[in-house]
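Enquirer: One structure, pasted below without further comment.
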Amino acid sequence: MSTSTAPVKSRVALRQERNREALVAAGYRVISEKGIDAATMQEIAQLADVGAGTVYSYFKSKDDLAVSVMERVMHNLALRIEEVTNTFSDPAQVYAFGVRTVIEQTTSDIRWKQLLNRPEVIAEAMFRCMGPFATRDLENATKAGRFKVPDAQLTWKMASYAIVGVGVAVNNDLLPPSILDETVIRLLCMTGIGEAEAIDLAGRPRPALPPEKSGI
């Protein structure tokens with residue numbers, strides 16, 4: 001009888017993983033404090049205790065590192081949303097709260113705003129990083145009879161690109177910030193509910209998010 005074991009990673013592979021994780025963690029701290037534009041690769045490398053030239057072995061540019069940081073920001077935001085929505089009894093309200101919170105981040109959080117110049121990258125990152133939470137919420141609300149969503153992944157894909165598109169338009173002064181309210185209602189209508197019900201969900205009181213942790 002033969003037994004299979006997971007391959008043992010080499011020292012080089014383990015060092016590469018540690019370096020990459022250290023750079024993302026350092027980028028998270030620096031970019032959260034200063035924003036993407038003001039952050040430098042040199043200070044991120046110094047904080048990560050990695051040689052300045054070594055950074056480019058893992059990330060082609062500061063923007064590429066920033067995208068990896070944003071993926072972590074998105075995942076952490078999803079966890080913070082979950083802390084609040086775990087107290088909700090209505091599964092439709094869970095999704096509505098998440099959508100509203102995410103779209104507000106695109107126009108209020110400097111990390112999001114500065115990376116929206118790469119909308120297709122950010123939309124895809126949002127779909128991928130927040131998708132497990134959003135599709136679960138859509139499916140739960142559908143099972144409960146609150147939504148009518150035959151394909152939760154497709155619905156979230158469309159919502160991700162719509163959220164980023166509206167965020168870009170608002171940040172570039174092509175649409176007024178007040179459009180966010182209408183956007184949330186339209187996104188909720190994509191779940192198969194009527195406009196009146198979408199307006200009700202969008203207007204419900206929203207508890208404050210727990211503070212973002214400084215660590216990762």
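Just so we're on the same page: first chain in the structure tokens is A, next is B, and so on; residues restart at 1 for each chain, and ligands are numbered from 1 in the order they show up.
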Sort by chain and increasing residue number a table of all residues of segment 12-121 of chain A within 9 Å of segment 171-195 of chain A, each with its closest pair of atoms and their distance in Å to one decimal, counting only C-alpha atoms, and write it as CSV.
Expert:
residue,atom,partner,partner_atom,distance
A:Tyr95,CA,A:Leu188,CA,8.5
A:Ala96,CA,A:Leu188,CA,6.9
A:Val99,CA,A:Val184,CA,6.8
A:Arg100,CA,A:Val184,CA,6.1
A:Ile103,CA,A:Leu180,CA,7.3
A:Glu104,CA,A:Leu180,CA,7.6
A:Thr106,CA,A:Asn171,CA,8.4
A:Thr107,CA,A:Asn171,CA,6.2
A:Lys113,CA,A:Asn171,CA,7.0
A:Leu116,CA,A:Asn171,CA,8.7
Enquirer: DSSP says helix (DSSP H, G or I) for which residues of segment 35-170 of chain A? Put them as a ChimeraX atom specification?
Expert: /A:41-48,52-57,62-85,91-108,110-115,119-143,152-170
Enquirer: Got a sec: who's within 8 Å of Phe97 of chain A, counting only C-alpha atoms, leaving out chain neighbours fewer than 2 positions off, as a ChimeraX atom specification?
Expert: /A:81,85,93-95,99-101,202,206
Enquirer: Write to file, as a PDB file, in the first residue's frame, the residues of the selection just made, with C-alpha atoms.
Expert:
ATOM      1  CA  ILE A  81     -19.599  43.478   6.880  1.00  0.00           C
ATOM      2  CA  THR A  85     -24.944  41.259   9.038  1.00  0.00           C
ATOM      3  CA  GLN A  93     -31.081  42.864   4.177  1.00  0.00           C
ATOM      4  CA  VAL A  94     -27.729  41.106   4.488  1.00  0.00           C
ATOM      5  CA  TYR A  95     -27.040  41.506   0.766  1.00  0.00           C
ATOM      6  CA  VAL A  99     -23.867  46.294  -1.556  1.00  0.00           C
ATOM      7  CA  ARG A 100     -24.406  49.695   0.022  1.00  0.00           C
ATOM      8  CA  THR A 101     -21.260  49.446   2.108  1.00  0.00           C
ATOM      9  CA  ALA A 202     -31.964  50.310   0.693  1.00  0.00           C
ATOM     10  CA  ARG A 206     -27.435  50.454   8.850  1.00  0.00           C
TER      11      ARG A 206
END
Enquirer: Which distance in Å separates atom CA of Pro211 of chain A and atom CA of Ser61 of chain A, to one decimal?
Expert: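 Computing it gives 29.6 Å between the two atoms.
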Enquirer: When you draw a straight line from atom CA of Glu139 of chain A to atom CA of Tyr161 of chain A, how long is it in Å?
Expert: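 Here the two named atoms are 19.5 Å from each other.
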Enquirer: Which residues, written as a compact mmCIF listing (two decimals) with N, CA and C atoms, in the first residue's frame, have at least one atom at most 12 Å from Asp64 of chain A, with only C-alpha atoms counted and residues fewer than 6 positions away on the same chain left out?
Expert:
# COMPACT_ATOMS: atom_id res chain seq x y z
N LEU A 23 5.76 41.86 1.98
CA LEU A 23 5.56 43.03 1.14
C LEU A 23 4.09 43.44 1.10
N VAL A 24 3.19 42.47 1.01
CA VAL A 24 1.76 42.81 1.00
C VAL A 24 1.35 43.40 2.35
N GLY A 27 2.80 46.85 2.50
CA GLY A 27 2.03 47.70 1.60
C GLY A 27 0.69 48.07 2.18
N ILE A 36 -2.16 55.29 -2.04
CA ILE A 36 -1.28 54.66 -3.02
C ILE A 36 -0.31 55.66 -3.63
N MET A 41 7.77 52.42 -3.06
CA MET A 41 8.22 51.05 -2.99
C MET A 41 9.39 50.91 -2.01
N VAL A 55 11.90 43.83 -4.50
CA VAL A 55 10.46 44.04 -4.61
C VAL A 55 9.98 43.69 -6.02
N TYR A 56 10.77 44.06 -7.00
CA TYR A 56 10.34 43.89 -8.39
C TYR A 56 10.46 42.45 -8.87
N SER A 57 10.97 41.58 -8.01
CA SER A 57 10.92 40.14 -8.31
C SER A 57 9.52 39.58 -8.03
N TYR A 58 8.75 40.32 -7.25
CA TYR A 58 7.41 39.86 -6.86
C TYR A 58 6.30 40.69 -7.49
N MET A 70 -5.19 45.74 -2.24
CA MET A 70 -6.63 45.96 -2.33
C MET A 70 -7.41 44.67 -2.20
N GLU A 71 -6.87 43.58 -2.70
CA GLU A 71 -7.55 42.30 -2.55
C GLU A 71 -7.70 41.96 -1.06
N LEU A 115 -7.22 53.55 -7.04
CA LEU A 115 -7.01 52.41 -7.94
C LEU A 115 -8.12 52.25 -8.96
N ARG A 118 -7.87 51.75 -12.78
CA ARG A 118 -7.77 50.42 -13.39
C ARG A 118 -9.07 49.67 -13.12
N VAL A 121 -9.49 45.83 -13.51
CA VAL A 121 -8.71 45.06 -12.54
C VAL A 121 -9.42 45.04 -11.19
N ILE A 122 -9.90 46.21 -10.76
CA ILE A 122 -10.56 46.31 -9.46
C ILE A 122 -11.90 45.57 -9.47
Enquirer: Return the single residue from A:Val166, A:Ala141, A:Met126, A:Leu65 that is closest to Ala92 of chain A, with distances computed using only C-alpha atoms.
Expert: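 Of the candidates, the smallest distance to Ala92 of chain A is held by A:Ala141.
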Enquirer: At what distance in Å, to one decimal, does atom CA of Thr142 of chain A lie from atom CA of Ala159 of chain A?
Expert: 16.4 Å
Enquirer: Can you pull out the residues contacting Leu154 of chain A? Cut-off 10 Å, using only C-alpha atoms, and skip same-chain residues under 5 positions away; I want them as a PyMOL selection string.
Expert: chain A and resi 127+135+149+159-160
Enquirer: For those residues, write N, CA and C atoms to a file as a compact mmCIF listing (two decimals), in the first residue's frame.
Expert:
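The new file out27.txt reads:
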# COMPACT_ATOMS: atom_id res chain seq x y z
N PHE A 127 -15.03 40.95 -7.65
CA PHE A 127 -15.80 39.75 -7.95
C PHE A 127 -15.16 38.52 -7.30
N THR A 135 -22.19 35.86 -3.17
CA THR A 135 -22.98 34.80 -3.79
C THR A 135 -23.69 33.97 -2.72
N VAL A 149 -32.99 34.77 -7.80
CA VAL A 149 -31.69 34.83 -8.49
C VAL A 149 -31.33 33.44 -8.99
N ALA A 159 -23.01 43.09 -10.70
CA ALA A 159 -23.00 44.08 -9.63
C ALA A 159 -21.60 44.63 -9.42
N SER A 160 -20.58 43.77 -9.45
CA SER A 160 -19.19 44.22 -9.24
C SER A 160 -18.79 45.27 -10.26
Enquirer: Counting only C-alpha atoms, which residue out of A:Gln114, A:Gln16, A:Val73, A:Glu82 sits closest to Ala38 of chain A?
Expert: A:Gln114
Enquirer: Considering only C-alpha atoms, return as a CSV table (one decimal) with N, CA and C atoms, in the first residue's frame whatever protein or nucleic-acid residues lie within 10 Å of Ala22 of chain A, sequence-local ones (same chain, fewer than 6 positions apart) excluded.
Expert:
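As a result, around04.csv now contains:
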chain,number,residue,atom,x,y,z
A,16,GLN,N,10.4,32.8,-0.6
A,16,GLN,CA,9.6,33.7,-1.5
A,16,GLN,C,8.2,34.0,-1.0
A,28,TYR,N,0.1,47.1,2.8
A,28,TYR,CA,-1.2,47.4,3.5
A,28,TYR,C,-1.1,48.5,4.5
A,44,ILE,N,8.1,50.7,1.5
A,44,ILE,CA,7.4,49.4,1.7
A,44,ILE,C,8.4,48.3,1.9
A,45,ALA,N,9.4,48.3,1.0
A,45,ALA,CA,10.5,47.3,1.1
A,45,ALA,C,11.2,47.4,2.4
A,47,LEU,N,10.1,48.5,5.3
A,47,LEU,CA,9.2,48.0,6.4
A,47,LEU,C,9.1,46.5,6.3
A,48,ALA,N,9.1,45.9,5.1
A,48,ALA,CA,9.0,44.5,4.9
A,48,ALA,C,10.4,43.8,5.2
A,49,ASP,N,11.4,44.6,5.4
A,49,ASP,CA,12.8,44.1,5.6
A,49,ASP,C,13.2,43.3,4.3
A,50,VAL,N,12.9,43.8,3.2
A,50,VAL,CA,13.3,43.2,1.9
A,50,VAL,C,14.1,44.2,1.1
Enquirer: Smallest atom-to-atom distance to Arg111 of chain A: which of A:Gly35, A:Gly51, A:Pro132, A:Pro91, using only C-alpha atoms?
Expert: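 Checking each of A:Gly35, A:Gly51, A:Pro132, A:Pro91 against Arg111 of chain A, counting only C-alpha atoms, the winner is A:Gly35.
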Enquirer: Could you tell me which of A:Glu212, A:Glu120, A:Asp137, A:Asp200 comes closest to Ala162 of chain A if we count only C-alpha atoms?
Expert: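 For Ala162 of chain A, the nearest of the candidates is A:Glu120.
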Enquirer: Would you please work out which residue, of A:Ser108, A:Ser10, A:Ser89, A:Asn117, is nearest to Asn140 of chain A when using only C-alpha atoms?
Expert: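 Closest to Asn140 of chain A, using only C-alpha atoms: A:Ser89.
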Enquirer: Kindly indicate which residue among A:Leu79, A:Lys157, A:Gly98, A:Arg11 lies nearest to Ala123 of chain A, using only C-alpha atoms for the distances.
Expert: A:Lys157
Enquirer: Mind checking which residues fall within 7 Å of Val30 of chain A, counting only C-alpha atoms, ignoring those fewer than 4 positions away in the same chain, and posting them as number ranges by chain?
Expert: A: 26, 34, 39, 44
